[in-house]
Amino acid sequence: MLAVYTDEEGEERLRTEFGSVRAELVEPGWEERWREFHRPIWVGPLWVGPPWEEPPSEGLAVVVDPGRAFGTGSHPTTRLCLEFLTELEPGSLLDVGCGSGVLSIAAAKLGFGPIHAIDVEATAVEATRRNAAANGVELDVRQVDALVGDLPEVDVVLANIHLAAVQALAPRIKAKRLVTAGYFHSRRPEAAGFVHVERRIDGGWAADLFERQ
């Protein structure tokens, strides 16, 4: 089931796209109700939350406003990537499909650097730059299609993207370690040039750690 807050014009577009649509009137204030779904989380020393929540005095705060980009920290694949990040040795990093920038910002807070954050969507690049500035961290953020554009040589690559893109991306990567996510645990990526080290599962989603052969 897909629940959407929209107006009459949006309802018609949904009906055209999906066929069967049921509409209900909602109470005033629905425009801000989406915030109820974005709650802070802890992953190791990292606190990840939206700007309308008060960060704790302890830990490493990652304050992220997703805007129109994907990524608040609450999705299982993001949490799994954050888990791996807290355990990997800090070094240079490339975040492919950076979305709102949550993984890149968390990496910066953990001591990784330099950090390159790329996404094919302009809205994601905008959101990552805005969130990086709000968190006081320095990232190299660019709009790049990782499957055809130039990629930097780094110690760690994060790729929280769909499975087909993970497998197409792997041969182009110049890195010691690769963390992949963005797919159900019933599917396993093949990363050419890397050996599989570890798999973690959360809520039916999976993330995998690979090392260079």
# chains A, B, ... in the order shown; residues from 1 in each chain; ligands from 1
>>> residues_around(residues="A:Asp150", least_positions_apart="6", cutoff="12 Å", atoms="only C-alpha atoms", output="list in words")
Leu94, Val96, His116, Ile118, Arg142, Gln143, Val144, Leu169, Arg172, Ile173 and Lys174 of chain A
>>> select_by_dssp(residues="stretch 2-186 of chain A", states="strand (DSSP E)", output="MDAnalysis selection string")
chainID A and resid 41:43 46:49 60:63 93:96 115:119 140:143 154:160 175:184
>>> residues_around(residues="A:Tyr183", least_positions_apart="3", cutoff="8 Å", atoms="only C-alpha atoms", output="JSON, numbers by chain")
{"A": [77, 161, 162, 163, 187, 205, 206, 207]}
>>> write_last_selection(atoms="C-alpha atoms", output="PDB file, in the first residue's frame")
ATOM      1  CA  THR A  77      20.195  -0.141   4.548  1.00  0.00           C
ATOM      2  CA  ILE A 161      22.086   1.902  -4.348  1.00  0.00           C
ATOM      3  CA  HIS A 162      20.089  -0.715  -6.241  1.00  0.00           C
ATOM      4  CA  LEU A 163      21.641  -4.107  -6.988  1.00  0.00           C
ATOM      5  CA  ARG A 187      19.684 -11.161  -3.317  1.00  0.00           C
ATOM      6  CA  TRP A 205      17.370  -5.687   3.817  1.00  0.00           C
ATOM      7  CA  ALA A 206      21.068  -6.508   3.465  1.00  0.00           C
ATOM      8  CA  ALA A 207      24.461  -4.814   3.371  1.00  0.00           C
TER       9      ALA A 207
END
>>> closest_atom_pairs(of="stretch 119-173 of chain A", to="stretch 51-66 of chain A", cutoff="9 Å", atoms="only C-alpha atoms", output="Markdown table")
| residue | atom | partner | partner_atom | distance |
| --- | --- | --- | --- | --- |
| A:Ala124 | CA | A:Pro66 | CA | 8.6 |
| A:Ala127 | CA | A:Pro66 | CA | 6.6 |
| A:Thr128 | CA | A:Pro66 | CA | 8.5 |
| A:Arg130 | CA | A:Asp65 | CA | 8.6 |
| A:Asn131 | CA | A:Val64 | CA | 5.9 |
| A:Ala132 | CA | A:Val64 | CA | 8.7 |
| A:Ala134 | CA | A:Val63 | CA | 7.6 |
| A:Asn135 | CA | A:Val63 | CA | 6.6 |
>>> residues_around(residues="A:Thr86", least_positions_apart="4", cutoff="10 Å", atoms="only C-alpha atoms", output="PyMOL selection string")
chain A and resi 43-46+81-82+90+106-107+110-111
>>> write_last_selection(atoms="N, CA and C atoms", output="CSV table (one decimal), in the first residue's frame")
chain,number,residue,atom,x,y,z
A,43,VAL,N,23.5,4.7,16.2
A,43,VAL,CA,24.3,3.6,15.6
A,43,VAL,C,25.7,3.8,16.2
A,44,GLY,N,26.0,2.9,17.2
A,44,GLY,CA,27.3,3.1,17.9
A,44,GLY,C,27.4,4.5,18.5
A,45,PRO,N,28.4,5.2,18.2
A,45,PRO,CA,28.6,6.6,18.8
A,45,PRO,C,27.8,7.6,18.0
A,46,LEU,N,27.2,7.3,16.9
A,46,LEU,CA,26.5,8.2,16.0
A,46,LEU,C,25.0,8.4,16.4
A,81,CYS,N,24.9,0.4,6.7
A,81,CYS,CA,26.1,1.1,6.2
A,81,CYS,C,26.8,1.9,7.4
A,82,LEU,N,26.0,2.5,8.2
A,82,LEU,CA,26.5,3.2,9.3
A,82,LEU,C,27.2,2.3,10.3
A,90,PRO,N,39.3,4.6,9.5
A,90,PRO,CA,39.1,5.8,8.8
A,90,PRO,C,40.1,6.0,7.7
A,106,ALA,N,28.3,11.4,8.4
A,106,ALA,CA,28.7,10.4,9.4
A,106,ALA,C,30.1,10.0,9.3
A,107,ALA,N,30.6,9.8,8.1
A,107,ALA,CA,32.0,9.4,7.9
A,107,ALA,C,32.9,10.5,8.3
A,110,LEU,N,33.3,10.6,11.9
A,110,LEU,CA,34.1,9.5,12.4
A,110,LEU,C,35.6,9.6,12.1
A,111,GLY,N,36.0,10.6,11.4
A,111,GLY,CA,37.4,10.9,11.1
A,111,GLY,C,37.8,10.5,9.7
>>> select_by_dssp(residues="chain A", states="helix (DSSP H, G or I)", output="ChimeraX atom specification")
/A:8-18,30-37,76-87,102-109,122-135,163-172
>>> atom_distance(atom1="atom CA of A:Arg200", atom2="atom CA of A:Val48")
19.8 Å
>>> closest_residue(among="A:Asp140, A:Glu190, A:Asp7, A:Asp145", to="A:Val166", atoms="only C-alpha atoms")
A:Glu190
>>> closest_residue(among="A:Asp119, A:Glu89, A:Glu198, A:Asp95", to="A:Leu158", atoms="only C-alpha atoms")
A:Asp95
>>> closest_residue(among="A:Val195, A:Val179, A:Ala133, A:Val120", to="A:Val148", atoms="only C-alpha atoms")
A:Val120
>>> atom_distance(atom1="atom CA of A:Arg212", atom2="atom CA of A:Lys176")
5.1 Å
>>> residues_around(residues="A:Gly10", least_positions_apart="6", cutoff="12 Å", atoms="only C-alpha atoms", output="mmCIF file with N, CA and C atoms, in the first residue's frame")
data_model
loop_
_atom_site.group_PDB
_atom_site.id
_atom_site.type_symbol
_atom_site.label_atom_id
_atom_site.label_comp_id
_atom_site.auth_asym_id
_atom_site.auth_seq_id
_atom_site.Cartn_x
_atom_site.Cartn_y
_atom_site.Cartn_z
ATOM 1 N N VAL A 4 -0.185 8.665 0.261
ATOM 2 C CA VAL A 4 0.353 9.911 -0.269
ATOM 3 C C VAL A 4 -0.529 11.081 0.158
ATOM 4 N N THR A 16 -4.113 7.973 -12.808
ATOM 5 C CA THR A 16 -3.621 7.641 -14.146
ATOM 6 C C THR A 16 -2.503 6.607 -14.080
ATOM 7 N N GLU A 17 -1.633 6.743 -13.065
ATOM 8 C CA GLU A 17 -0.476 5.872 -12.937
ATOM 9 C C GLU A 17 -0.832 4.495 -12.392
ATOM 10 N N VAL A 21 -7.374 4.105 -6.895
ATOM 11 C CA VAL A 21 -6.932 5.058 -5.876
ATOM 12 C C VAL A 21 -8.109 5.375 -4.951
ATOM 13 N N ALA A 23 -9.338 8.015 -1.973
ATOM 14 C CA ALA A 23 -8.998 9.317 -1.413
ATOM 15 C C ALA A 23 -9.798 9.589 -0.144
#
>>> atom_distance(atom1="atom CA of A:Arg129", atom2="atom CA of A:Ser104")
10.5 Å
>>> closest_residue(among="A:Asp208, A:Glu9, A:Glu24, A:Glu83", to="A:Phe194", atoms="only C-alpha atoms")
A:Asp208
>>> closest_residue(among="A:Ser100, A:Ser20, A:Ser92, A:Gln167", to="A:Asp155", atoms="only C-alpha atoms")
A:Ser92
